[in-house]
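Structure data (compact mmCIF, C-alpha atoms and all ligand atoms) from final-v2.txt:
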```txt
# COMPACT_ATOMS: atom_id res chain seq x y z
CA MET A 1 74.17 102.89 110.49
CA SER A 2 77.79 103.62 109.80
CA VAL A 3 78.85 105.52 106.70
CA SER A 4 80.23 102.38 105.04
CA ALA A 5 77.04 100.38 105.67
CA THR A 6 74.84 103.15 104.25
CA LEU A 7 77.09 103.58 101.23
CA THR A 8 77.07 99.82 100.65
CA VAL A 9 73.28 99.60 100.74
CA VAL A 10 72.89 102.57 98.36
CA LEU A 11 75.54 101.48 95.85
CA ALA A 12 74.51 97.81 95.96
CA THR A 13 70.85 98.69 95.37
CA LEU A 14 71.80 100.99 92.49
CA SER A 15 74.01 98.44 90.78
CA SER A 16 71.43 95.67 91.26
CA VAL A 17 68.56 97.77 89.87
CA ILE A 18 70.58 99.07 86.90
CA THR A 19 71.89 95.58 86.17
CA ALA A 20 68.39 94.08 86.31
CA TYR A 21 67.05 96.71 83.92
CA VAL A 22 69.90 96.45 81.40
CA ALA A 23 69.84 92.64 81.62
CA HIS A 24 66.14 92.70 80.82
CA LEU A 25 66.65 95.09 77.86
CA ILE A 26 69.24 92.83 76.22
CA SER A 27 67.71 89.49 77.39
CA LEU A 28 70.79 88.60 79.42
CA PRO A 29 69.15 85.96 81.66
CA HIS A 30 68.46 83.88 78.56
CA PHE A 31 71.94 84.12 77.13
CA HIS A 32 73.80 80.82 77.27
CA LEU A 33 76.68 79.18 75.54
CA LEU A 34 75.98 75.64 74.33
CA GLY A 35 72.65 75.66 76.10
CA GLY A 36 74.10 75.24 79.57
CA ILE A 37 76.87 77.65 80.44
CA PRO A 38 75.09 80.62 82.01
CA VAL A 39 77.17 83.41 80.49
CA GLY A 40 74.33 85.88 80.91
CA SER A 41 73.80 85.25 84.61
CA VAL A 42 77.55 85.38 85.24
CA LEU A 43 77.58 88.85 83.65
CA ILE A 44 74.60 89.85 85.81
CA GLY A 45 76.41 88.73 88.98
CA THR A 46 79.57 90.59 87.99
CA ALA A 47 77.69 93.79 87.22
CA ALA A 48 75.66 93.62 90.43
CA ALA A 49 78.87 93.24 92.46
CA THR A 50 80.42 96.48 91.25
CA GLY A 51 78.36 98.67 93.60
CA VAL A 52 79.44 96.76 96.68
CA ALA A 53 83.04 96.67 95.47
CA MET A 54 82.96 100.46 95.10
CA ALA A 55 81.64 100.80 98.65
CA VAL A 56 84.42 98.53 99.97
CA ARG A 57 87.06 100.58 98.17
CA LEU A 58 85.64 103.99 99.09
CA THR A 59 85.39 103.16 102.78
CA SER A 60 88.61 101.05 102.88
CA ASN A 61 86.71 98.36 104.72
CA TYR A 62 88.13 94.87 105.11
CA ASP A 63 84.90 93.14 106.06
CA VAL A 64 84.86 91.63 102.58
CA ALA A 65 83.13 88.43 103.79
CA GLY A 66 80.15 90.41 105.09
CA PHE A 67 80.11 92.55 101.96
CA ARG A 68 80.27 89.44 99.77
CA MET A 69 77.13 88.00 101.37
CA PHE A 70 75.38 91.28 100.74
CA ALA A 71 76.61 91.45 97.15
CA GLN A 72 75.50 87.90 96.43
CA LEU A 73 72.07 88.80 97.66
CA GLY A 74 72.25 91.79 95.27
CA GLY A 75 73.36 89.53 92.41
CA VAL A 76 70.48 87.12 92.87
CA THR A 77 68.09 90.06 93.27
CA ALA A 78 69.34 91.54 89.99
CA TYR A 79 68.84 88.19 88.28
CA LEU A 80 65.33 87.79 89.69
CA GLY A 81 64.58 91.43 88.86
CA ALA A 82 65.53 90.88 85.22
CA MET A 83 63.33 87.76 85.14
CA LEU A 84 60.44 89.70 86.67
CA LEU A 85 60.80 92.51 84.11
CA ASP A 86 60.85 89.88 81.33
CA TYR A 87 57.69 88.39 82.77
CA VAL A 88 55.89 91.74 83.03
CA ALA A 89 56.90 92.66 79.48
CA GLY A 90 55.63 89.28 78.23
CA GLU A 91 52.30 89.79 79.97
CA MET A 92 51.95 93.29 78.50
CA ARG A 93 52.69 92.03 75.00
CA GLY A 94 49.87 89.52 75.50
CA HIS A 95 47.57 92.49 76.33
CA ARG A 96 46.79 91.01 79.69
CA ALA A 97 46.41 93.28 82.69
CA VAL A 98 49.56 92.92 84.78
CA ALA A 99 48.50 91.95 88.28
CA VAL A 100 50.62 90.90 91.22
CA PRO A 101 51.50 87.35 90.16
CA ASP A 102 50.01 84.67 92.39
CA ALA A 103 51.75 81.41 93.27
CA LEU A 104 50.22 79.57 90.33
CA THR A 105 51.39 82.17 87.78
CA VAL A 106 54.90 82.09 89.23
CA LEU A 107 54.97 78.30 89.04
CA ASN A 108 53.76 78.44 85.45
CA TYR A 109 56.45 80.95 84.58
CA VAL A 110 59.15 78.77 86.20
CA ARG A 111 57.79 75.84 84.20
CA VAL A 112 58.11 77.86 80.99
CA LEU A 113 61.73 78.73 81.90
CA VAL A 114 62.51 75.07 82.59
CA GLU A 115 60.94 74.02 79.28
CA GLN A 116 62.86 76.73 77.40
CA GLY A 117 66.07 75.54 79.07
CA ALA A 118 65.41 71.92 78.18
CA ALA A 119 64.57 72.90 74.59
CA SER A 120 67.79 74.88 74.17
CA ILE A 121 69.86 71.94 75.46
CA THR A 122 68.21 69.43 73.13
CA ALA A 123 68.66 71.92 70.26
CA GLN A 124 72.45 71.53 70.69
CA LEU A 125 72.29 67.75 70.37
CA PRO A 126 72.22 65.73 67.14
CA GLU A 127 68.78 64.85 65.79
CA SER A 128 69.20 61.17 66.63
CA ILE A 129 69.30 61.80 70.41
CA LYS A 130 65.87 62.20 71.94
CA PHE A 131 65.33 62.44 75.66
CA PRO A 132 62.17 61.20 77.32
CA PRO A 133 60.14 64.22 78.56
CA GLY A 134 61.02 63.55 82.21
CA VAL A 135 64.77 63.71 81.55
CA ALA A 136 64.38 66.88 79.50
CA VAL A 137 62.57 68.57 82.39
CA TRP A 138 65.36 67.57 84.76
CA LEU A 139 67.94 69.02 82.37
CA GLY A 140 65.93 72.24 82.37
CA VAL A 141 65.81 72.31 86.18
CA VAL A 142 69.55 71.65 86.44
CA ARG A 143 70.25 74.40 83.96
CA LEU A 144 68.13 76.91 85.87
CA PHE A 145 69.97 75.88 89.05
CA ILE A 146 73.38 76.32 87.38
CA GLU A 147 72.22 79.72 86.20
CA VAL A 148 71.35 80.98 89.69
CA LEU A 149 74.53 79.41 91.08
CA GLY A 150 76.47 81.12 88.29
CA THR A 151 75.15 84.48 89.46
CA VAL A 152 76.19 83.78 93.06
CA VAL A 153 79.67 82.51 92.16
CA ALA A 154 80.27 85.35 89.69
CA THR A 155 79.28 87.92 92.31
CA GLY A 156 81.70 86.45 94.84
CA TRP A 157 84.59 86.34 92.35
CA ALA A 158 83.88 89.83 91.07
CA ILE A 159 83.89 91.21 94.63
CA SER A 160 87.23 89.53 95.42
CA TYR A 161 88.75 90.71 92.15
CA LEU A 162 87.46 94.29 92.32
CA THR A 163 88.50 94.76 95.94
CA GLY A 164 92.05 93.60 95.26
CA VAL A 165 92.01 90.25 97.07
CA PRO A 166 94.93 88.21 95.68
CA PHE A 167 94.32 85.03 93.71
CA CYS A 168 96.36 81.85 94.17
CA TRP A 169 96.94 80.42 90.71
CA ARG A 170 98.38 77.17 92.01
CA ASN A 171 95.26 76.30 94.01
CA ARG A 172 92.88 78.36 91.87
CA ARG A 173 91.18 80.24 94.67
CA PHE A 174 91.08 83.69 96.20
CA TYR A 175 93.01 84.39 99.38
CA GLU A 176 91.03 84.62 102.59
CA LEU A 177 91.11 87.50 105.01
CA LYS A 178 93.06 85.97 107.86
CA ASP A 179 93.46 88.89 110.17
CA VAL A 180 92.92 92.61 110.54
CA VAL A 181 94.94 94.14 113.36
CA GLU A 182 94.50 97.76 114.40
CA SER A 183 97.38 98.79 116.60
CA SER A 184 98.53 101.96 118.28
CA ASN A 185 102.01 100.47 118.71
CA VAL A 186 103.48 102.00 115.56
CA GLY A 187 107.03 101.30 116.76
CA ALA A 188 106.35 97.57 117.09
CA VAL A 189 104.95 97.49 113.53
CA ARG A 190 108.14 99.10 112.24
CA GLU A 191 110.29 96.59 114.15
CA TRP A 192 108.11 93.75 112.89
CA GLU A 193 108.69 94.81 109.26
CA MET A 194 112.42 95.06 109.93
CA ALA A 195 112.50 91.57 111.46
CA ILE A 196 110.72 90.19 108.40
CA ASN A 197 113.12 91.88 105.99
CA GLN A 198 116.11 90.61 107.94
CA ARG A 199 114.65 87.08 108.05
CA ARG A 200 114.32 86.75 111.82
CA PRO A 201 111.08 84.69 112.01
CA ILE A 202 111.06 84.05 115.78
CA GLU A 203 111.43 87.72 116.59
CA ALA A 204 108.91 88.62 113.90
CA ARG A 205 106.31 86.39 115.53
CA ALA A 206 106.98 87.86 118.98
CA LEU A 207 106.71 91.38 117.55
CA LEU A 208 103.41 90.58 115.84
CA ALA A 209 102.06 89.49 119.22
CA ARG A 210 103.17 92.86 120.62
CA VAL A 211 101.52 94.67 117.71
CA ARG A 212 98.28 92.85 118.52
CA THR A 213 98.26 94.02 122.14
CA GLY A 214 98.48 97.70 121.16
CA LYS A 215 94.73 98.37 121.36
CA VAL A 216 93.57 101.63 119.81
CA ALA A 217 92.01 103.92 122.41
CA PRO A 218 89.21 106.36 121.42
CA TYR A 219 91.44 109.40 122.13
CA GLU A 220 94.25 108.22 119.84
CA ARG A 221 94.71 110.45 116.76
CA SER A 222 96.56 108.00 114.56
CA TRP A 223 97.46 104.33 114.45
CA VAL A 224 98.32 101.51 112.07
CA ARG A 225 96.21 98.78 110.49
CA ILE A 226 97.59 95.48 109.25
CA ALA A 227 95.41 93.38 106.95
CA ILE A 228 96.60 89.84 106.26
CA HIS A 229 95.18 87.92 103.29
CA GLN A 230 96.33 84.33 102.99
CA CYS A 231 95.76 81.37 100.70
CA PRO A 232 94.18 78.72 102.94
CA ILE A 233 96.01 75.88 101.16
CA CYS A 234 99.58 76.96 100.37
CA LEU A 235 99.71 79.74 103.03
CA ALA A 236 101.22 82.32 100.69
CA ALA A 237 100.12 85.71 101.94
CA ARG A 238 99.87 89.41 101.30
CA VAL A 239 100.15 91.88 104.13
CA ARG A 240 98.92 95.44 103.76
CA ILE A 241 100.03 98.04 106.24
CA GLU A 242 98.01 101.25 106.36
CA LYS A 243 98.14 104.47 108.31
CA ARG A 244 94.85 105.52 109.86
CA ARG A 245 93.98 108.80 111.50
CA ARG A 246 90.90 110.50 112.81
CA ALA A 247 89.43 113.26 110.66
CA ALA A 248 86.49 115.60 111.21
CA PHE A 249 82.97 114.27 111.97
CA GLY A 250 84.23 110.98 113.40
CA ARG A 251 85.57 109.80 110.07
CA VAL A 252 88.75 107.79 109.81
CA ARG A 253 91.17 108.42 106.96
CA THR A 254 93.15 105.47 105.63
CA SER A 255 96.30 105.72 103.56
CA PRO A 256 98.49 102.85 102.34
CA ALA A 257 101.92 102.63 103.93
CA ASP A 258 103.45 99.35 102.81
CA GLU A 259 102.66 96.05 101.15
CA LEU A 260 104.49 92.77 101.73
CA GLN A 261 104.20 89.58 99.69
CA PHE A 262 105.02 86.27 101.35
CA ASP A 263 105.54 83.08 99.39
CA ALA A 264 104.27 79.80 100.84
CA VAL A 265 107.40 79.15 102.95
CA LYS A 266 107.62 82.67 104.35
CA GLY A 267 103.88 82.90 104.89
CA SER A 268 103.70 79.75 107.00
CA ALA A 269 106.84 80.67 108.99
CA LEU A 270 106.00 84.30 109.73
CA LEU A 271 102.26 84.33 110.18
CA ALA A 272 101.74 81.20 112.28
CA THR A 273 100.56 82.28 115.68
ZN ZN B 301 97.70 78.97 97.44
```

Since I need it in another form, could you write the structure as structure tokens?
Ligand SMILES: [Zn+2]
Amino acid sequence: MSVSATLTVVLATLSSVITAYVAHLISLPHFHLLGGIPVGSVLIGTAAATGVAMAVRLTSNYDVAGFRMFAQLGGVTAYLGAMLLDYVAGEMRGHRAVAVPDALTVLNYVRVLVEQGAASITAQLPESIKFPPGVAVWLGVVRLFIEVLGTVVATGWAISYLTGVPFCWRNRRFYELKDVVESSNVGAVREWEMAINQRRPIEARALLARVRTGKVAPYERSWVRIAIHQCPICLAARVRIEKRRRAAFGRVRTSPADELQFDAVKGSALLAT
């Protein structure tokens, strides 16, 4: 495994385990606003994401999509871990011997969670409104579903935010990683930046194509990386240019060189390929 993968696994596991334990201590999985909004699970997802975000930052990796999948798994694991700890604590309070829960016990526990959820929703409603039992159970199921979904969404957002992915306020979404180009043609990168600054879009596009062809050979000591994040709807973009060079033990050092912001018009004109 590469250094970044190992670091990700270690930090993600740590943040998931710590989050699960703390969440259990302060009953976070059962914390809701108005009976439905899963504030607690959103906090769990955010906390579980920090480990992966740290790994992304420490290794200057741009495979945020892959990391996000991993972090979401960590978020859900943290949530389930907190639930499991709650369950074990409940069993121990009841002076029952804690055994490995079988399918029936798990189902019973889920049923209790659904009932608790339904009860907390009906508690918010005026006395006059009474749901038939079937509807109340469905409300409980939907709430549990929203809760797990809340963990997943919160993890994804936290990862994007903590790793510095820009947010498009107009379309209310995070930019997507459009391209990562590693190029040994440092001169072409410099010319490309100049063409952008001097508003020569046709030349800029041709230069970007030249940058792309400058493959990095294993013997090369230093090169340049361009990471393009773009809003999929309005096409506004942020381009990061970084210097990379080989260090001891096969490691690659990354240092920021330049950052360019493109509005929607510039982004669609300069980055279309
Ligand atoms: Zn946008």

Within-7 Å residues of ligand ZN 301 (chain B), basis only C-alpha atoms and all ligand atoms, as an MDAnalysis selection string
chainID A and resid 168:171 231:236

What separates CA of Ala47 in chain A and CA of Ala154 in chain A is a distance of 9.2 Å

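Among A:Val211, A:Val110, A:Ala158, A:Leu260, the residue with the shortest atom-to-atom distance to His229 in chain A, counting all atoms listed in the file, is A:Leu260.
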
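Here CA of Val239 in chain A and CA of Phe262 in chain A stand 7.9 Å from one another.
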
Within 8 Å of Ala20 in chain A, counting all atoms listed in the file, which residues qualify if same-chain residues fewer than 3 places away don't, as a PyMOL selection string?
chain A and resi 16-17+23-24+44+78-82

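In terms of minimum interatomic distance to Thr151 in chain A, A:Ala49 ranks closest within A:Val10, A:Ala49, A:Leu85, A:Val106, counting only C-alpha atoms.
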
Distance criterion (all atoms listed in the file): nearest to Arg253 in chain A out of A:Ser15, A:Ser60, A:Gln198, A:Ser27:
A:Ser60

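Comparing the minimum interatomic distances between Val76 in chain A and each of A:Thr19, A:Asn197, A:Thr163, A:Ser184, counting all atoms listed in the file, we find that A:Thr19 sits nearest.
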
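Taking CA of Trp223 in chain A and CA of Phe249 in chain A as the two end points, the separation is 17.7 Å.
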
With all atoms listed in the file as the counted atoms, please give the residues lying no more than 12 Å from Val135 in chain A, apart from itself and same-chain residues fewer than 6 positions off, as JSON, numbers by chain.
{"A": [114, 115, 118, 119, 121, 122, 141, 142]}

Which protein, DNA or RNA residues are at most 9 Å from (100.9, 98.0, 100.3) in the file's coordinates when you count only C-alpha atoms, listed as a VMD selection string?
chain A and resid 238 to 242 256 to 260

Polymer residues at most 9 Å from Thr254 in chain A, all atoms listed in the file, same-chain spacing of 6 or more positions, as an NGL selection string
:A and (59-60 or 225 or 242-245)

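For the residues A:Arg200, A:Arg93, A:Lys178, A:Arg221, ranking by smallest atom-to-atom distance to Asp63 in chain A using all atoms listed in the file places A:Lys178 first.
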
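Using only C-alpha atoms for every distance, the candidate list A:Ala48, A:Val153, A:Met83, A:Val165 yields A:Val165 as the residue closest to Gln230 in chain A.
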
Give me, as a PyMOL selection string, all polymer residues having an atom no more than 9 Å from Tyr62 in chain A, counting all atoms listed in the file and skipping those fewer than 4 positions away in the same chain.
chain A and resi 56+67+177+180+227

Those same residues, written as a short mmCIF file (atom, residue, chain, number, x, y, z; two decimals), in the frame of the given file with C-alpha atoms?
```cif
data_model
loop_
_atom_site.label_atom_id
_atom_site.label_comp_id
_atom_site.auth_asym_id
_atom_site.auth_seq_id
_atom_site.Cartn_x
_atom_site.Cartn_y
_atom_site.Cartn_z
CA VAL A 56 84.42 98.53 99.97
CA PHE A 67 80.11 92.55 101.96
CA LEU A 177 91.11 87.50 105.01
CA VAL A 180 92.92 92.61 110.54
CA ALA A 227 95.41 93.38 106.95
#
```

For range 224-234 of chain A, what centre and edge lengths in Å (one decimal) does the axis-aligned box get once 8 Å is added on each side of all its listed atoms, as JSON?
```
{"center_x": 96.9, "center_y": 88.7, "center_z": 106.2, "size_x": 21.4, "size_y": 41.6, "size_z": 27.7}
```

Shell around Leu11 in chain A at 9 Å using all atoms listed in the file, local window under 3 positions removed, as a PyMOL selection string:
chain A and resi 6-8+14-16+50-55

Subset file as a PDB file, in the first residue's frame: range 84-187 of chain A, C-alpha atoms:
```
ATOM      1  CA  LEU A  84     -23.788  -0.794  19.058  1.00  0.00           C
ATOM      2  CA  LEU A  85     -22.157   0.743  22.154  1.00  0.00           C
ATOM      3  CA  ASP A  86     -25.577   2.099  23.202  1.00  0.00           C
ATOM      4  CA  TYR A  87     -27.015  -1.366  22.762  1.00  0.00           C
ATOM      5  CA  VAL A  88     -24.263  -3.072  24.789  1.00  0.00           C
ATOM      6  CA  ALA A  89     -24.587  -0.490  27.561  1.00  0.00           C
ATOM      7  CA  GLY A  90     -28.367  -1.023  27.635  1.00  0.00           C
ATOM      8  CA  GLU A  91     -27.921  -4.783  27.909  1.00  0.00           C
ATOM      9  CA  MET A  92     -25.396  -4.388  30.734  1.00  0.00           C
ATOM     10  CA  ARG A  93     -27.720  -2.071  32.651  1.00  0.00           C
ATOM     11  CA  GLY A  94     -30.364  -4.797  32.371  1.00  0.00           C
ATOM     12  CA  HIS A  95     -27.844  -7.207  33.987  1.00  0.00           C
ATOM     13  CA  ARG A  96     -28.051  -9.492  31.015  1.00  0.00           C
ATOM     14  CA  ALA A  97     -24.940 -11.246  29.786  1.00  0.00           C
ATOM     15  CA  VAL A  98     -23.823  -9.474  26.618  1.00  0.00           C
ATOM     16  CA  ALA A  99     -23.579 -12.064  23.879  1.00  0.00           C
ATOM     17  CA  VAL A 100     -22.968 -11.597  20.188  1.00  0.00           C
ATOM     18  CA  PRO A 101     -26.393 -10.325  19.108  1.00  0.00           C
ATOM     19  CA  ASP A 102     -28.268 -12.703  16.818  1.00  0.00           C
ATOM     20  CA  ALA A 103     -30.517 -11.592  13.964  1.00  0.00           C
ATOM     21  CA  LEU A 104     -33.610 -11.546  16.157  1.00  0.00           C
ATOM     22  CA  THR A 105     -32.000  -9.301  18.800  1.00  0.00           C
ATOM     23  CA  VAL A 106     -30.796  -6.898  16.114  1.00  0.00           C
ATOM     24  CA  LEU A 107     -34.272  -6.759  14.600  1.00  0.00           C
ATOM     25  CA  ASN A 108     -35.764  -6.116  18.027  1.00  0.00           C
ATOM     26  CA  TYR A 109     -33.283  -3.332  18.639  1.00  0.00           C
ATOM     27  CA  VAL A 110     -34.080  -1.730  15.263  1.00  0.00           C
ATOM     28  CA  ARG A 111     -37.769  -1.982  16.162  1.00  0.00           C
ATOM     29  CA  VAL A 112     -37.104  -0.172  19.441  1.00  0.00           C
ATOM     30  CA  LEU A 113     -35.232   2.583  17.545  1.00  0.00           C
ATOM     31  CA  VAL A 114     -38.113   2.937  15.081  1.00  0.00           C
ATOM     32  CA  GLU A 115     -40.633   3.124  17.920  1.00  0.00           C
ATOM     33  CA  GLN A 116     -38.524   5.718  19.763  1.00  0.00           C
ATOM     34  CA  GLY A 117     -38.307   7.740  16.548  1.00  0.00           C
ATOM     35  CA  ALA A 118     -42.044   7.581  15.969  1.00  0.00           C
ATOM     36  CA  ALA A 119     -42.692   8.543  19.601  1.00  0.00           C
ATOM     37  CA  SER A 120     -40.415  11.583  19.411  1.00  0.00           C
ATOM     38  CA  ILE A 121     -42.153  12.781  16.224  1.00  0.00           C
ATOM     39  CA  THR A 122     -45.644  12.440  17.697  1.00  0.00           C
ATOM     40  CA  ALA A 123     -44.400  14.200  20.851  1.00  0.00           C
ATOM     41  CA  GLN A 124     -43.812  17.331  18.723  1.00  0.00           C
ATOM     42  CA  LEU A 125     -47.375  17.329  17.411  1.00  0.00           C
ATOM     43  CA  PRO A 126     -50.438  18.798  19.129  1.00  0.00           C
ATOM     44  CA  GLU A 127     -52.454  16.415  21.291  1.00  0.00           C
ATOM     45  CA  SER A 128     -55.366  16.378  18.849  1.00  0.00           C
ATOM     46  CA  ILE A 129     -53.332  14.672  16.090  1.00  0.00           C
ATOM     47  CA  LYS A 130     -53.087  10.927  16.520  1.00  0.00           C
ATOM     48  CA  PHE A 131     -51.567   8.684  13.902  1.00  0.00           C
ATOM     49  CA  PRO A 132     -52.693   5.115  13.397  1.00  0.00           C
ATOM     50  CA  PRO A 133     -49.911   2.748  14.599  1.00  0.00           C
ATOM     51  CA  GLY A 134     -48.938   1.788  11.031  1.00  0.00           C
ATOM     52  CA  VAL A 135     -48.283   5.397  10.019  1.00  0.00           C
ATOM     53  CA  ALA A 136     -46.292   6.035  13.178  1.00  0.00           C
ATOM     54  CA  VAL A 137     -44.031   3.068  12.399  1.00  0.00           C
ATOM     55  CA  TRP A 138     -43.462   4.406   8.888  1.00  0.00           C
ATOM     56  CA  LEU A 139     -42.536   7.808  10.312  1.00  0.00           C
ATOM     57  CA  GLY A 140     -40.043   6.051  12.564  1.00  0.00           C
ATOM     58  CA  VAL A 141     -38.550   4.131   9.628  1.00  0.00           C
ATOM     59  CA  VAL A 142     -38.288   7.296   7.527  1.00  0.00           C
ATOM     60  CA  ARG A 143     -36.607   9.099  10.386  1.00  0.00           C
ATOM     61  CA  LEU A 144     -34.053   6.330  10.862  1.00  0.00           C
ATOM     62  CA  PHE A 145     -33.389   6.436   7.111  1.00  0.00           C
ATOM     63  CA  ILE A 146     -32.937  10.235   7.162  1.00  0.00           C
ATOM     64  CA  GLU A 147     -30.558   9.776  10.069  1.00  0.00           C
ATOM     65  CA  VAL A 148     -28.266   7.360   8.215  1.00  0.00           C
ATOM     66  CA  LEU A 149     -28.503   9.496   5.071  1.00  0.00           C
ATOM     67  CA  GLY A 150     -27.633  12.531   7.194  1.00  0.00           C
ATOM     68  CA  THR A 151     -24.426  10.813   8.287  1.00  0.00           C
ATOM     69  CA  VAL A 152     -23.469  10.025   4.683  1.00  0.00           C
ATOM     70  CA  VAL A 153     -24.242  13.513   3.354  1.00  0.00           C
ATOM     71  CA  ALA A 154     -22.510  15.211   6.282  1.00  0.00           C
ATOM     72  CA  THR A 155     -19.397  13.100   5.744  1.00  0.00           C
ATOM     73  CA  GLY A 156     -19.256  14.034   2.066  1.00  0.00           C
ATOM     74  CA  TRP A 157     -19.721  17.754   2.749  1.00  0.00           C
ATOM     75  CA  ALA A 158     -17.200  17.746   5.579  1.00  0.00           C
ATOM     76  CA  ILE A 159     -14.600  16.069   3.347  1.00  0.00           C
ATOM     77  CA  SER A 160     -15.129  18.625   0.572  1.00  0.00           C
ATOM     78  CA  TYR A 161     -15.001  21.520   3.015  1.00  0.00           C
ATOM     79  CA  LEU A 162     -11.978  20.314   4.984  1.00  0.00           C
ATOM     80  CA  THR A 163      -9.955  19.507   1.872  1.00  0.00           C
ATOM     81  CA  GLY A 164     -10.543  22.955   0.385  1.00  0.00           C
ATOM     82  CA  VAL A 165     -12.874  22.048  -2.477  1.00  0.00           C
ATOM     83  CA  PRO A 166     -14.653  25.282  -3.512  1.00  0.00           C
ATOM     84  CA  PHE A 167     -18.395  25.669  -3.066  1.00  0.00           C
ATOM     85  CA  CYS A 168     -20.671  27.246  -5.684  1.00  0.00           C
ATOM     86  CA  TRP A 169     -23.163  29.393  -3.801  1.00  0.00           C
ATOM     87  CA  ARG A 170     -25.298  30.038  -6.856  1.00  0.00           C
ATOM     88  CA  ASN A 171     -25.958  26.338  -7.485  1.00  0.00           C
ATOM     89  CA  ARG A 172     -25.405  25.271  -3.875  1.00  0.00           C
ATOM     90  CA  ARG A 173     -22.980  22.445  -4.555  1.00  0.00           C
ATOM     91  CA  PHE A 174     -19.316  21.630  -4.233  1.00  0.00           C
ATOM     92  CA  TYR A 175     -17.070  21.820  -7.277  1.00  0.00           C
ATOM     93  CA  GLU A 176     -16.049  18.553  -8.878  1.00  0.00           C
ATOM     94  CA  LEU A 177     -12.511  17.483  -9.577  1.00  0.00           C
ATOM     95  CA  LYS A 178     -12.405  17.842 -13.341  1.00  0.00           C
ATOM     96  CA  ASP A 179      -8.811  17.104 -14.084  1.00  0.00           C
ATOM     97  CA  VAL A 180      -5.419  16.460 -12.531  1.00  0.00           C
ATOM     98  CA  VAL A 181      -2.558  16.907 -14.972  1.00  0.00           C
ATOM     99  CA  GLU A 182       1.012  16.029 -14.044  1.00  0.00           C
ATOM    100  CA  SER A 183       3.376  17.521 -16.578  1.00  0.00           C
ATOM    101  CA  SER A 184       7.107  17.738 -17.022  1.00  0.00           C
ATOM    102  CA  ASN A 185       6.634  20.591 -19.507  1.00  0.00           C
ATOM    103  CA  VAL A 186       7.114  23.384 -16.978  1.00  0.00           C
ATOM    104  CA  GLY A 187       7.664  25.945 -19.754  1.00  0.00           C
TER     105      GLY A 187
END
```
